[in-house]
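Q: After the structure tokens below, expect a handful of questions from me.
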2 protein chains.
Amino acid sequence: MEKPDTLKRILDAAEQLFAREGYHGTSFRKVAEAAGISVSLTQYHFPTKDALYEAVFARRILVINHDRLAKLDKVEAEARQLKRPVDLEGALQAFVEPTVLLARDKKSGGAQYAQLIAQLTNDPNEYARAVSRKYTDPIARQTMRVLREAVPEMDSTALPWCYLFAVGAMISAISATGRVKLLSDGECDPDDVQRIVGLLVPFLSGGFERVAEITARGSKTPKAAKPRSTKEVSGGKTL
Amino acid sequence: MEKPDTLKRILDAAEQLFAREGYHGTSFRKVAEAAGISVSLTQYHFPTKDALYEAVFARRILVINHDRLAKLDKVEAEARQLKRPVDLEGALQAFVEPTVLLARDKKSGGAQYAQLIAQLTNDPNEYARAVSRKYTDPIARQTMRVLREAVPEMDSTALPWCYLFAVGAMISAISATGRVKLLSDGECDPDDVQRIVGLLVPFLSGGFERVAEITARGSKTPKAAKPRSTKEVSGGKTL
DNA sequence: GTCTATATTTAGATAGAC
DNA sequence: GTCTATCTAAATATAGAC
């Protein structure tokens, strides 16, 4: 008599733990306890931790990817219809909006999932890289394809960099570190979705356009690497 | 007879492990083994894992912060002397360059340290937040102060957001996930420091200027939150 | 400062009863 | 499907010898 929601309970518990404590900080014991079942039942459904991790990630990514692709397609179709280049802000909004909305969805666990993505993004480990390659690289490529139609002048080797800048900026915006509130002395509301999208999209479009300008083939001033003090190697930075 | 470099050996080993495996993935055992000493000696020098984590972070951050502050001061002084507003690209370069250079310094362990910062940036846990607050928030505030002089028109509640966008973009650029190479089919070189700075600085300055335009007090078109489909709540995104 | 030894807890994984 | 019981390895931590 299968309890119909055992899998869901496991995935919900694991999602929360992976998001908060990371891969290594999450154990079958903690997952089982949070799900209210035994350890071995958890392992019965997901034999290894990697399997559990992937299952947690895969559960939502399909929906998300579908949503993002639909929005990207719409932007692209509009451009085709109007016989104009893809609208940059539209493409960036299609890229950014599904994630930001998810990140502020406290009810259905979307916020947990978004934090898991935030952790995954800069995780160099193989369990994270494998999941990233499998589930997110295809959409990344499609996004870049559409973005290229929005900024056709941009050098093709600049686009992947700009895409990663955009990913990082978005992740930073949604990551649950409480930093915006702290650094703004309480003035900025980390849950104001409208505000985040309203700032992030223009920020990114300004960035893409600027890079497109300076890397355009046959651009007037290829001042791409305007050296200010690039040779003063000495240290690093913070954040 | 104190082996004069025991502390250094511990910190080097811990730095590498924390960077690659994160906080929970790093144990005294692994650190001790990598450093070639016993577990208890490691614990003699750093009684708790938190103490070790903070020590690893603190070791380099002082140098880094000093470097960044010096560059920021220089940019600010130039502006004062010329009686002009702070140069935006100059300020952003002062912000970005120390970290990017550090991240590509394979010899002295700087790359490991940069990866640790990348992991720390989106880590919601208290051990990470405490370190971030203590060592990086002061410089963040100083950086924002200088940036505000570069874009005085920008709404003051937009600046912290833009600062975090910039942090995220930079972190994404240096994080050792191998993604640029993958997504560019080998065309982009993740170790090309000149290229990274040469793209990142214009990208960020374009972003800051765009946001400054649309949030300027009394701006002609406060189209800040141009709604494209912001109400179509439904899903999330990837990265 | 540095080690061995040991205590205690928790980890992932299996075997087998129901 | 679900549990209890148990194994082995690894974790943090402490005590005490040199």
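Naming works like this for the structure tokens: A, B, ... for the chains as they're shown, residue 1 at the start of each chain, ligands 1 onward in shown order.
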Excluding same-chain residues fewer than 3 positions from range 2-17 of chain D, what lies within 10 Å of it counting only C-alpha atoms (C1' of nucleotides), as a VMD selection string?
A: (chain A and resid 1 to 3 37 to 42 44) or (chain B and resid 27 to 29 40 43 47 to 49) or (chain C and resid 3 to 18)
Q: Which residues are close to Arg84 in chain A, i.e. within 10 Å by only C-alpha atoms (C1' of nucleotides), leaving aside same-chain residues fewer than 4 positions away? Reply as JSON, numbers by chain.
A: {"A": [76, 78, 79, 80, 149, 150]}
Q: Just to be explicit: take each residue in the selection above, keep C-alpha atoms, and write the result as a short mmCIF file (atom, residue, chain, number, x, y, z; two decimals), in the first residue's frame.
A:
data_model
loop_
_atom_site.label_atom_id
_atom_site.label_comp_id
_atom_site.auth_asym_id
_atom_site.auth_seq_id
_atom_site.Cartn_x
_atom_site.Cartn_y
_atom_site.Cartn_z
CA GLU A 76 11.63 35.19 -31.30
CA GLU A 78 7.42 38.40 -32.51
CA ALA A 79 10.68 39.42 -34.10
CA ARG A 80 10.12 37.15 -37.09
CA GLU A 149 19.66 37.62 -32.69
CA ALA A 150 19.11 40.56 -30.36
#
Q: I'd like the contact shell of Thr143 in chain B - 9 Å cut-off, only C-alpha atoms (C1' of nucleotides), skipping same-chain residues fewer than 3 positions apart - returned as a ChimeraX atom specification.
A: /B:68-69,72,91-92,94-95,138-140,146-148,163
Q: Counting only C-alpha atoms (C1' of nucleotides), figure out which residue out of B:Lys107, B:Lys71, B:Lys30, B:Lys134 gets nearest to chain D.
A: B:Lys30
Q: Using only C-alpha atoms (C1' of nucleotides), determine which residues lie at most 12 Å from Glu187 in chain B, disregarding the query and same-chain residues fewer than 5 positions distant; provide the list as a list in words.
A: Asp155, Ser156, Thr157, Ala158, Leu159, Pro160 and Trp161 of chain A; Arg179, Val180, Lys181, Leu182 and Asp192 of chain B
Q: Those residues you just picked out, can you put them in a file as a PDB file, in the first residue's frame with N, CA and C atoms?
A:
ATOM      1  N   ASP A 155      30.563  40.370 -30.882  1.00  0.00           N
ATOM      2  CA  ASP A 155      31.529  39.327 -31.201  1.00  0.00           C
ATOM      3  C   ASP A 155      31.053  37.994 -30.621  1.00  0.00           C
ATOM      4  N   SER A 156      31.187  36.935 -31.416  1.00  0.00           N
ATOM      5  CA  SER A 156      30.598  35.661 -30.995  1.00  0.00           C
ATOM      6  C   SER A 156      31.308  35.054 -29.784  1.00  0.00           C
ATOM      7  N   THR A 157      32.555  35.434 -29.551  1.00  0.00           N
ATOM      8  CA  THR A 157      33.230  34.910 -28.358  1.00  0.00           C
ATOM      9  C   THR A 157      32.967  35.784 -27.128  1.00  0.00           C
ATOM     10  N   ALA A 158      32.286  36.898 -27.337  1.00  0.00           N
ATOM     11  CA  ALA A 158      31.912  37.723 -26.179  1.00  0.00           C
ATOM     12  C   ALA A 158      30.578  37.275 -25.608  1.00  0.00           C
ATOM     13  N   LEU A 159      29.763  36.668 -26.456  1.00  0.00           N
ATOM     14  CA  LEU A 159      28.416  36.293 -26.029  1.00  0.00           C
ATOM     15  C   LEU A 159      28.388  35.291 -24.872  1.00  0.00           C
ATOM     16  N   PRO A 160      29.155  34.198 -24.934  1.00  0.00           N
ATOM     17  CA  PRO A 160      29.139  33.275 -23.791  1.00  0.00           C
ATOM     18  C   PRO A 160      29.542  33.951 -22.486  1.00  0.00           C
ATOM     19  N   TRP A 161      30.505  34.811 -22.559  1.00  0.00           N
ATOM     20  CA  TRP A 161      30.894  35.546 -21.350  1.00  0.00           C
ATOM     21  C   TRP A 161      29.733  36.385 -20.831  1.00  0.00           C
TER      22      TRP A 161
ATOM     23  N   ARG B 179      32.386  26.263 -17.437  1.00  0.00           N
ATOM     24  CA  ARG B 179      31.196  26.454 -18.265  1.00  0.00           C
ATOM     25  C   ARG B 179      31.437  27.311 -19.505  1.00  0.00           C
ATOM     26  N   VAL B 180      32.244  28.345 -19.395  1.00  0.00           N
ATOM     27  CA  VAL B 180      32.481  29.175 -20.593  1.00  0.00           C
ATOM     28  C   VAL B 180      33.039  28.353 -21.724  1.00  0.00           C
ATOM     29  N   LYS B 181      33.987  27.539 -21.399  1.00  0.00           N
ATOM     30  CA  LYS B 181      34.613  26.730 -22.430  1.00  0.00           C
ATOM     31  C   LYS B 181      33.592  25.798 -23.067  1.00  0.00           C
ATOM     32  N   LEU B 182      32.774  25.210 -22.213  1.00  0.00           N
ATOM     33  CA  LEU B 182      31.757  24.280 -22.677  1.00  0.00           C
ATOM     34  C   LEU B 182      30.734  24.980 -23.571  1.00  0.00           C
ATOM     35  N   ASP B 192      41.872  33.803 -19.767  1.00  0.00           N
ATOM     36  CA  ASP B 192      42.292  35.049 -20.412  1.00  0.00           C
ATOM     37  C   ASP B 192      41.837  36.250 -19.575  1.00  0.00           C
TER      38      ASP B 192
END
Q: Record the distance separating CA of Gln93 in chain A and CA of Leu200 in chain A, expressed in Å with one decimal.
A: 8.7 Å
Q: Pull the alpha helix (DSSP H) assignments for range 44-224 of chain A out of DSSP run on the backbone, and list those residues as a count of residues only.
A: 132
Q: Do a neighbour search on Arg9 in chain B at 7 Å with only C-alpha atoms (C1' of nucleotides), toss out local chain neighbours closer than 4 positions, and write the hits as a list in words.
A: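 Using only C-alpha atoms (C1' of nucleotides), the neighbours found are Asp5, Ala13 and Ala35 of chain B.
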Q: Kindly save the residues from that selection, with C-alpha atoms included, as a PDB file, in the first residue's frame.
A:
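Okay, selection-v6.pdb is ready:
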ATOM      1  CA  ASP B   5      55.349  26.465   8.322  1.00  0.00           C
ATOM      2  CA  ALA B  13      45.352  22.478   2.567  1.00  0.00           C
ATOM      3  CA  ALA B  35      48.952  18.888   5.222  1.00  0.00           C
TER       4      ALA B  35
END
